[in-house]
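Text of entry.csv, listed as CSV, C-alpha atoms:
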```csv
chain,number,residue,atom,x,y,z
A,1,MET,CA,91.3,103.7,168.9
A,2,ILE,CA,92.7,107.1,167.7
A,3,ILE,CA,94.3,109.4,170.2
A,4,ILE,CA,93.9,113.1,169.3
A,5,ASN,CA,96.3,115.3,171.3
A,6,LYS,CA,95.6,118.8,172.5
A,7,LYS,CA,97.7,120.4,169.7
A,8,ILE,CA,95.2,119.1,167.2
A,9,HIS,CA,91.9,119.6,169.0
A,10,ASN,CA,92.8,122.7,171.0
A,11,LEU,CA,90.1,122.2,173.8
A,12,SER,CA,90.5,124.6,176.7
A,13,HIS,CA,89.6,123.9,180.3
A,14,LYS,CA,88.4,127.5,180.6
A,15,LYS,CA,85.4,126.6,178.4
A,16,ILE,CA,84.5,123.5,180.5
A,17,SER,CA,82.2,123.8,183.5
A,18,LYS,CA,84.0,124.1,186.8
A,19,ASN,CA,81.6,121.6,188.4
A,20,ALA,CA,82.3,119.1,185.6
A,21,LEU,CA,86.0,119.5,186.2
A,22,LYS,CA,85.5,119.0,190.0
A,23,VAL,CA,83.7,115.7,189.4
A,24,LEU,CA,86.3,114.5,186.8
A,25,PHE,CA,89.3,115.2,189.0
A,26,ARG,CA,87.7,113.7,192.0
A,27,LEU,CA,86.8,110.4,190.2
A,28,ASN,CA,90.3,110.2,188.7
A,29,LYS,CA,92.0,110.8,192.0
A,30,SER,CA,89.9,108.1,193.6
A,31,GLY,CA,91.3,105.6,191.1
A,32,TYR,CA,88.4,105.5,188.6
A,33,GLN,CA,88.5,106.3,184.8
A,34,ALA,CA,86.4,109.3,184.0
A,35,TYR,CA,85.9,111.3,180.8
A,36,LEU,CA,83.9,114.2,179.5
A,37,VAL,CA,81.8,112.8,176.6
A,38,GLY,CA,79.2,113.5,174.0
A,39,GLY,CA,77.5,116.8,173.1
A,40,SER,CA,79.8,119.0,175.1
A,41,ILE,CA,82.9,117.7,173.3
A,42,ARG,CA,81.2,118.0,169.9
A,43,ASP,CA,80.1,121.6,170.6
A,44,LEU,CA,83.5,122.7,172.0
A,45,LEU,CA,85.2,121.3,168.9
A,46,LEU,CA,82.7,123.2,166.7
A,47,ARG,CA,83.4,126.4,168.8
A,48,LYS,CA,79.8,126.4,170.2
A,49,LYS,CA,78.8,126.9,173.8
A,50,PRO,CA,77.7,123.5,175.3
A,51,LYS,CA,74.3,123.2,176.9
A,52,ASP,CA,75.5,120.7,179.5
A,53,PHE,CA,78.5,118.6,180.4
A,54,ASP,CA,78.1,114.8,180.6
A,55,ILE,CA,80.6,112.5,182.2
A,56,VAL,CA,81.2,108.8,181.8
A,57,THR,CA,83.2,106.6,184.2
A,58,ASN,CA,83.9,103.0,185.2
A,59,ALA,CA,82.4,103.7,188.7
A,60,THR,CA,79.0,102.1,189.1
A,61,PRO,CA,76.0,104.1,190.2
A,62,LYS,CA,76.2,102.7,193.7
A,63,GLU,CA,79.9,103.7,194.0
A,64,LEU,CA,79.1,107.2,192.7
A,65,LYS,CA,76.3,107.5,195.3
A,66,LYS,CA,78.8,106.8,198.1
A,67,MET,CA,81.3,109.3,196.7
A,68,PHE,CA,78.9,112.2,196.1
A,69,ASN,CA,76.4,113.3,198.8
A,70,ASN,CA,74.7,115.7,196.4
A,71,CYS,CA,73.6,113.1,193.9
A,72,ARG,CA,70.5,111.1,192.9
A,73,LEU,CA,70.1,107.9,190.9
A,74,ILE,CA,67.6,108.3,188.0
A,75,GLY,CA,66.2,106.2,185.1
A,76,LYS,CA,65.0,102.7,184.6
A,77,ARG,CA,66.0,102.0,181.0
A,78,PHE,CA,69.4,103.7,181.5
A,79,LEU,CA,70.4,104.0,185.2
A,80,ILE,CA,72.4,107.3,185.5
A,81,VAL,CA,73.5,109.6,188.3
A,82,HIS,CA,72.7,113.3,188.6
A,83,ILE,CA,75.1,115.3,190.7
A,84,PHE,CA,73.5,118.5,191.9
A,85,PHE,CA,75.4,121.8,192.1
A,86,TYR,CA,73.9,125.3,192.9
A,87,SER,CA,73.9,126.4,189.2
A,88,GLU,CA,73.8,123.1,187.3
A,89,ILE,CA,73.3,119.4,187.2
A,90,ILE,CA,76.2,117.2,186.0
A,91,GLU,CA,75.1,113.9,184.5
A,92,VAL,CA,77.3,110.9,185.1
A,93,SER,CA,76.8,107.5,183.5
A,94,THR,CA,78.8,104.2,183.8
A,95,PHE,CA,80.5,102.6,180.8
A,96,ARG,CA,78.0,100.2,179.1
A,97,LYS,CA,78.3,97.2,176.8
A,98,ASN,CA,75.9,95.2,174.8
A,99,CYS,CA,75.0,91.9,176.5
A,100,LYS,CA,72.2,89.4,176.4
A,101,ASN,CA,73.1,87.5,179.5
A,102,LYS,CA,69.9,87.6,181.6
A,103,LYS,CA,71.8,85.9,184.6
A,104,ASN,CA,73.4,89.3,185.2
A,105,THR,CA,71.8,91.8,187.5
A,106,PHE,CA,71.8,94.3,184.7
A,107,TYR,CA,71.2,93.2,181.1
A,108,LYS,CA,70.1,94.3,177.7
A,109,LYS,CA,66.4,93.7,177.0
A,110,ASN,CA,64.5,94.2,173.7
A,111,ASN,CA,60.8,93.9,172.8
A,112,ASN,CA,59.5,92.1,169.8
A,113,ALA,CA,60.1,95.1,167.5
A,114,GLY,CA,63.8,95.2,168.6
A,115,MET,CA,63.2,98.3,170.8
A,116,LEU,CA,65.6,98.5,173.8
A,117,LEU,CA,63.7,98.3,177.1
A,118,ALA,CA,66.7,98.1,179.4
A,119,ASP,CA,70.4,98.5,178.8
A,120,ASN,CA,72.3,98.6,182.1
A,121,ASN,CA,75.1,96.1,181.6
A,122,PHE,CA,78.3,97.8,182.5
A,123,GLY,CA,81.5,97.4,180.5
A,124,LYS,CA,84.7,99.1,179.3
A,125,ILE,CA,85.2,102.4,177.5
A,126,GLU,CA,85.7,100.7,174.1
A,127,GLU,CA,82.4,98.9,174.5
A,128,ASP,CA,80.7,102.1,175.6
A,129,ALA,CA,81.9,104.0,172.6
A,130,LYS,CA,80.3,101.5,170.2
A,131,ARG,CA,76.9,101.6,171.8
A,132,ARG,CA,76.5,105.4,171.6
A,133,ASP,CA,74.2,106.8,168.9
A,134,LEU,CA,76.3,109.0,166.6
A,135,THR,CA,80.0,109.0,165.8
A,136,ILE,CA,80.2,112.8,166.5
A,137,ASN,CA,78.8,112.2,170.0
A,138,SER,CA,81.3,109.5,170.9
A,139,LEU,CA,84.4,111.4,171.7
A,140,TYR,CA,86.0,111.1,175.1
A,141,TYR,CA,88.1,113.8,176.7
A,142,ASN,CA,90.7,113.1,179.4
A,143,VAL,CA,91.2,116.1,181.8
A,144,PHE,CA,94.6,115.0,183.0
A,145,ASN,CA,96.5,114.5,179.7
A,146,ARG,CA,94.0,116.6,177.7
A,147,ASN,CA,93.8,114.0,174.9
A,148,LEU,CA,90.7,112.9,173.0
A,149,ARG,CA,89.9,109.2,172.6
A,150,ASP,CA,88.1,108.3,169.3
A,151,TYR,CA,86.9,104.8,168.8
A,152,VAL,CA,84.5,105.4,165.9
A,153,ASN,CA,86.1,108.0,163.6
A,154,GLY,CA,83.9,110.7,165.2
A,155,PHE,CA,86.6,113.4,164.9
A,156,TYR,CA,86.8,112.7,161.1
A,157,ASP,CA,83.0,112.9,160.7
A,158,LEU,CA,83.0,116.2,162.7
A,159,LYS,CA,85.6,117.7,160.4
A,160,LYS,CA,83.8,116.4,157.2
A,161,LYS,CA,80.4,117.5,158.6
A,162,ILE,CA,78.8,114.0,158.4
A,163,ILE,CA,76.0,112.6,160.6
A,164,ARG,CA,76.7,108.9,160.9
A,165,ILE,CA,75.0,106.3,163.2
A,166,ILE,CA,77.3,103.9,165.0
A,167,GLY,CA,76.8,100.2,164.0
A,168,ASN,CA,74.0,98.9,161.8
A,169,PRO,CA,71.5,101.8,161.3
A,170,GLU,CA,68.4,99.6,161.0
A,171,THR,CA,69.3,97.7,164.2
A,172,ARG,CA,70.1,101.0,166.1
A,173,TYR,CA,66.8,102.6,165.0
A,174,ARG,CA,64.9,99.5,166.1
A,175,GLU,CA,66.6,99.6,169.5
A,176,ASP,CA,65.5,103.2,170.0
A,177,PRO,CA,63.3,104.9,167.3
A,178,ILE,CA,64.0,108.3,168.9
A,179,ARG,CA,67.4,108.1,167.1
A,180,ILE,CA,65.6,108.8,163.9
A,181,LEU,CA,64.6,112.2,165.3
A,182,ARG,CA,68.0,112.8,166.7
A,183,VAL,CA,69.7,112.2,163.3
A,184,LEU,CA,67.4,114.7,161.6
A,185,TYR,CA,67.7,117.2,164.4
A,186,PHE,CA,71.5,117.2,164.4
A,187,SER,CA,71.7,117.4,160.6
A,188,VAL,CA,69.7,120.6,160.8
A,189,LYS,CA,71.3,122.1,164.0
A,190,LEU,CA,74.9,121.4,162.9
A,191,LYS,CA,74.2,121.9,159.1
A,192,MET,CA,75.7,118.5,158.4
A,193,LYS,CA,74.9,115.9,155.7
A,194,ILE,CA,73.4,112.5,156.8
A,195,GLU,CA,75.6,109.6,155.7
A,196,GLU,CA,73.9,107.4,153.0
A,197,ASN,CA,73.6,104.2,155.1
A,198,THR,CA,72.3,106.2,158.1
A,199,GLU,CA,69.6,107.9,156.0
A,200,LYS,CA,68.5,104.9,153.9
A,201,PRO,CA,66.3,103.1,156.5
A,202,ILE,CA,64.7,106.2,158.0
A,203,LYS,CA,61.5,106.3,155.8
A,204,LYS,CA,61.0,102.6,156.1
A,205,LEU,CA,61.2,102.6,159.9
A,206,THR,CA,59.4,105.8,160.9
A,207,TYR,CA,56.4,103.6,161.9
A,208,LEU,CA,58.5,102.4,164.9
A,209,LEU,CA,58.0,105.8,166.5
A,210,LYS,CA,54.5,104.6,167.5
A,211,ASN,CA,56.1,102.1,169.9
A,212,VAL,CA,57.8,104.9,171.9
A,213,PRO,CA,56.0,105.8,175.1
A,214,LYS,CA,53.8,108.8,174.6
A,215,ASN,CA,55.4,110.9,177.3
A,216,ARG,CA,59.0,110.4,175.9
A,217,LEU,CA,57.9,110.9,172.3
A,218,SER,CA,56.0,114.1,173.1
A,219,ASN,CA,59.0,115.5,175.0
A,220,GLU,CA,61.3,114.8,172.1
A,221,VAL,CA,59.0,116.3,169.4
A,222,ILE,CA,58.2,119.4,171.5
A,223,LYS,CA,61.9,119.9,172.3
A,224,ILE,CA,62.9,119.9,168.6
A,225,LEU,CA,60.0,122.0,167.3
A,226,THR,CA,60.2,124.7,169.9
A,227,ASN,CA,63.9,125.5,169.6
A,228,LYS,CA,65.5,128.0,167.2
A,229,TYR,CA,65.8,125.4,164.4
A,230,GLY,CA,62.1,124.4,164.7
A,231,GLU,CA,61.0,125.6,161.3
A,232,GLU,CA,63.8,123.7,159.4
A,233,ILE,CA,63.2,120.5,161.6
A,234,TYR,CA,59.5,120.7,161.0
A,235,LYS,CA,60.0,120.8,157.2
A,236,LYS,CA,62.4,117.8,157.5
A,237,LEU,CA,59.9,115.8,159.5
A,238,LYS,CA,57.3,116.5,156.8
A,239,ILE,CA,59.7,115.4,154.0
A,240,TYR,CA,60.3,112.0,155.8
A,241,SER,CA,56.5,111.6,156.5
A,242,ILE,CA,57.3,111.4,160.2
A,243,LEU,CA,54.5,113.7,161.3
A,244,LYS,CA,51.9,111.3,159.8
A,245,LYS,CA,53.3,108.5,161.9
A,246,ILE,CA,53.6,110.5,165.1
A,247,MET,CA,50.2,112.2,164.8
A,248,PRO,CA,47.9,110.6,162.2
A,249,PHE,CA,45.5,113.2,163.5
A,250,PRO,CA,45.7,115.8,162.2
A,251,PHE,CA,48.6,115.3,159.7
A,252,SER,CA,47.0,112.5,157.6
A,253,SER,CA,43.3,112.6,158.2
A,254,HIS,CA,42.4,115.6,156.1
A,255,PRO,CA,42.1,116.6,152.4
A,256,LYS,CA,45.2,118.3,150.8
A,257,LYS,CA,43.8,121.8,151.1
A,258,ILE,CA,43.2,121.4,154.8
A,259,LEU,CA,46.6,119.9,155.3
A,260,THR,CA,48.2,122.9,153.5
A,261,MET,CA,46.4,125.2,155.9
A,262,ILE,CA,47.5,123.1,159.0
A,263,HIS,CA,51.1,123.2,157.7
A,264,THR,CA,51.0,127.0,157.1
A,265,MET,CA,49.5,127.7,160.5
A,266,THR,CA,52.1,125.4,162.2
A,267,ILE,CA,55.1,127.0,160.5
A,268,GLU,CA,53.9,130.5,161.3
A,269,ALA,CA,53.4,129.5,165.0
A,270,ILE,CA,57.0,128.0,165.1
A,271,LYS,CA,58.3,131.2,163.6
A,272,MET,CA,56.6,133.2,166.4
A,273,LEU,CA,58.1,130.9,169.0
A,274,LYS,CA,61.5,132.1,167.9
A,275,ILE,CA,60.7,135.7,168.8
A,276,LYS,CA,62.3,136.8,172.1
A,277,PHE,CA,59.1,137.8,173.9
A,278,PHE,CA,58.3,134.0,174.3
A,279,LYS,CA,60.5,134.0,177.4
A,280,ASN,CA,58.1,131.7,179.3
A,281,LYS,CA,58.9,128.3,177.9
A,282,LYS,CA,55.8,126.8,179.6
A,283,LEU,CA,53.6,128.7,177.1
A,284,GLU,CA,55.2,127.2,174.0
A,285,ILE,CA,53.4,123.9,174.1
A,286,PRO,CA,49.8,125.3,174.3
A,287,PHE,CA,50.6,127.9,171.7
A,288,LEU,CA,52.0,125.4,169.2
A,289,PHE,CA,49.3,122.8,169.6
A,290,SER,CA,46.5,125.4,169.5
A,291,ALA,CA,47.9,126.4,166.1
A,292,ILE,CA,48.3,122.9,164.8
A,293,LEU,CA,44.7,122.0,165.6
A,294,TRP,CA,43.0,125.3,164.8
A,295,ASN,CA,41.8,124.4,161.3
A,296,PRO,CA,40.7,120.8,162.3
A,297,LEU,CA,38.7,122.5,165.1
A,298,LEU,CA,36.9,124.8,162.7
A,299,ILE,CA,36.1,121.9,160.3
A,300,TYR,CA,34.7,119.8,163.1
A,301,THR,CA,32.6,122.7,164.3
A,302,VAL,CA,31.0,123.2,160.9
A,303,GLN,CA,30.3,119.4,160.7
A,304,ILE,CA,28.7,119.2,164.2
A,305,LYS,CA,26.7,122.4,163.5
A,306,LYS,CA,25.2,120.8,160.3
A,307,LYS,CA,24.6,117.3,161.8
A,308,GLN,CA,23.2,118.3,165.2
A,309,LYS,CA,21.6,121.6,164.1
A,310,VAL,CA,23.0,123.6,167.0
A,311,SER,CA,24.5,127.0,167.3
A,312,PHE,CA,28.1,127.7,166.2
A,313,TYR,CA,29.2,128.3,169.8
A,314,ILE,CA,27.7,125.0,171.1
A,315,ALA,CA,29.2,123.2,168.1
A,316,PHE,CA,32.6,124.9,168.8
A,317,SER,CA,32.5,123.7,172.4
A,318,LYS,CA,31.7,120.2,171.5
A,319,SER,CA,34.4,120.2,168.8
A,320,ILE,CA,37.0,121.2,171.3
A,321,LYS,CA,36.4,118.1,173.4
A,322,GLU,CA,36.5,115.9,170.4
A,323,ILE,CA,39.8,117.4,169.1
A,324,VAL,CA,41.5,117.2,172.5
A,325,ASN,CA,40.5,113.5,172.9
A,326,LYS,CA,41.8,112.6,169.4
A,327,LEU,CA,45.1,114.3,170.0
A,328,SER,CA,45.6,112.7,173.4
A,329,THR,CA,45.6,109.2,171.8
A,330,TYR,CA,48.9,110.0,170.1
A,331,ILE,CA,50.6,112.8,172.1
A,332,TYR,CA,50.9,113.3,175.8
A,333,ILE,CA,49.9,116.9,176.9
A,334,SER,CA,49.4,117.8,180.5
A,335,LYS,CA,45.9,118.8,181.8
A,336,ASN,CA,47.2,122.3,182.5
A,337,ASN,CA,48.3,122.7,178.8
A,338,PHE,CA,45.0,121.3,177.5
A,339,LEU,CA,43.2,123.9,179.7
A,340,LEU,CA,45.4,126.7,178.2
A,341,ILE,CA,44.7,125.4,174.6
A,342,LYS,CA,40.9,125.5,175.4
A,343,ASN,CA,41.1,129.0,176.7
A,344,ILE,CA,43.1,130.2,173.6
A,345,TRP,CA,40.4,128.8,171.3
A,346,LYS,CA,37.3,129.9,173.3
A,347,TYR,CA,38.4,133.5,173.6
A,348,GLN,CA,39.1,133.7,169.8
A,349,ILE,CA,35.3,133.7,169.2
A,350,LYS,CA,33.9,134.7,172.6
A,351,LEU,CA,35.5,138.1,173.3
A,352,ASN,CA,37.6,140.9,171.8
A,353,VAL,CA,41.1,140.5,173.3
A,354,LYS,CA,41.7,144.3,173.3
A,355,ASN,CA,38.9,144.8,175.7
A,356,LYS,CA,40.4,146.0,179.0
A,357,ILE,CA,37.8,144.1,181.1
A,358,ILE,CA,39.1,140.8,179.7
A,359,LYS,CA,42.7,141.7,180.6
A,360,GLU,CA,41.7,142.3,184.2
A,361,LYS,CA,39.7,139.1,184.5
A,362,LEU,CA,42.3,136.8,182.8
A,363,ASN,CA,45.6,135.5,184.1
A,364,LYS,CA,48.6,137.3,182.4
A,365,ASP,CA,49.8,134.1,180.7
A,366,VAL,CA,46.4,133.3,179.4
A,367,TYR,CA,45.9,136.8,178.1
A,368,PHE,CA,49.4,136.7,176.5
A,369,LEU,CA,48.5,133.5,174.7
A,370,ILE,CA,45.1,134.7,173.5
A,371,LYS,CA,46.5,138.0,172.2
A,372,ASN,CA,49.4,136.4,170.3
A,373,PHE,CA,47.2,133.6,168.9
A,374,LEU,CA,44.9,136.3,167.5
A,375,PHE,CA,47.9,138.0,166.0
A,376,LEU,CA,48.9,134.7,164.4
A,377,ARG,CA,45.4,134.3,162.9
A,378,LYS,CA,45.5,137.8,161.5
A,379,LYS,CA,49.0,137.1,160.1
A,380,ILE,CA,47.7,134.0,158.2
A,381,ILE,CA,44.7,135.9,156.8
A,382,PHE,CA,46.9,138.8,155.7
A,383,LYS,CA,49.3,136.2,154.0
A,384,LYS,CA,46.4,134.6,152.1
A,385,LYS,CA,45.1,137.9,150.8
A,386,ASN,CA,48.6,138.8,149.5
A,387,ILE,CA,48.9,135.4,147.8
A,388,LYS,CA,45.5,135.9,146.1
```

For the file at hand, write its structure as structure tokens.
Amino acid sequence: MIIINKKIHNLSHKKISKNALKVLFRLNKSGYQAYLVGGSIRDLLLRKKPKDFDIVTNATPKELKKMFNNCRLIGKRFLIVHIFFYSEIIEVSTFRKNCKNKKNTFYKKNNNAGMLLADNNFGKIEEDAKRRDLTINSLYYNVFNRNLRDYVNGFYDLKKKIIRIIGNPETRYREDPIRILRVLYFSVKLKMKIEENTEKPIKKLTYLLKNVPKNRLSNEVIKILTNKYGEEIYKKLKIYSILKKIMPFPFSSHPKKILTMIHTMTIEAIKMLKIKFFKNKKLEIPFLFSAILWNPLLIYTVQIKKKQKVSFYIAFSKSIKEIVNKLSTYIYISKNNFLLIKNIWKYQIKLNVKNKIIKEKLNKDVYFLIKNFLFLRKKIIFKKKNIK
């Protein structure tokens, strides 16, 4: 372990959440060990504003529940405590260790592919540090003496701008394939280089992402594609052939020309999501997926029209159902979002969005999506003409 004192790291309590400090001081005064850990420390050292403040302690979830009336136990795979304050939620977890002793109440459990299904065996801070994902996310801050504890050379990696996974990379990716996405995400977000051994097994193990529950995988993919680094992350996912593994449809089931059109449409949609007027985060998912699937939708429509000898509109409606069903086998999207996607598509051919009557009939959010999707299509058409 390396102790980094406040003269070197220069972390200030002024930049730490008051609620997080309250929890830390209360735990320490009650005789427990408690540290600020993870992303908040990393971001403060990089002079960025942390999104949230996570705490780790040797107090068990049951002990935490007795101490804090404003808390709730959540999670099955990892049991953690959420402490609720008016303006934020402070996440508190208990030190964990790797253990295969199934006689314990809490134990580590893996499936046949090596994926971690449960990991609730509690331990010491030294053990907890080694089972975290990245070295730069495994720094512990003590609020009393203001020292940083570093068990995995995370401070060094942060200074040298290196993304390094803790432990054997292949084993860690098998335990939780989402770590592959996290490594790529942080390399883009923090503009850091992925360490050689950390990067080596990624392409070989991307197929493991199929084992991740659809809901969790969808949340992670959507989260990284709809933030301000979305465009760069999307390109990185493409380089490592991850999109083909996550969504074989549409990213590996079309000819090259069609795939190029899908990628162009997706990148332009991600760029639009960066624009400030997309304040309603709920609209990002339907907008993104309506763009990803627009070209496959048109192809299916033409195919159905020829085979079944029906009108374009009937073929278009049938194609929507088929496309939606295909996507739902790989990615979880709520019924409400699917409904919004269908509306975006239907109104592209049914009505002129500028018509005042349409605006009066439609919900504001639906109108917003239809109008901006039309703008996206015009943008793509204009781009193609310029290229030619």

Might you pull out every residue within 8 Å of Phe316 (chain A), with all atoms listed in the file counted and same-chain residues fewer than 5 positions away left off, and present them as a list in words?
-> Leu297, Leu298, Tyr300 and Thr301 of chain A

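Counting only C-alpha atoms, region 279-286 of chain A has the following residues at most 9 Å away, ignoring those fewer than 5 positions along the same chain: Ile222, Thr226, Leu273, Ala291, Ile333, Asn337, Phe338, Leu339, Leu340, Ile341, Lys342, Ile344, Asp365, Val366 and Leu369 of chain A.
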
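Among the candidate residues A:Asn211, A:Asn142, A:Asn153, A:Ser40, the one lying nearest to Tyr173 (chain A) is A:Asn211, with distances computed using only C-alpha atoms.
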
Any idea what's packed within 12 Å of Glu127 (chain A), counting all atoms listed in the file, ignoring anything in its chain fewer than 2 positions away? Could you give it as a PyMOL selection string?
-> chain A and resi 1+58+94-99+121-125+129-132+138+151-152+166-167

Which value, in Å to one decimal, gives the distance between CA of Glu232 (chain A) and CA of Val188 (chain A)?
-> 6.8 Å
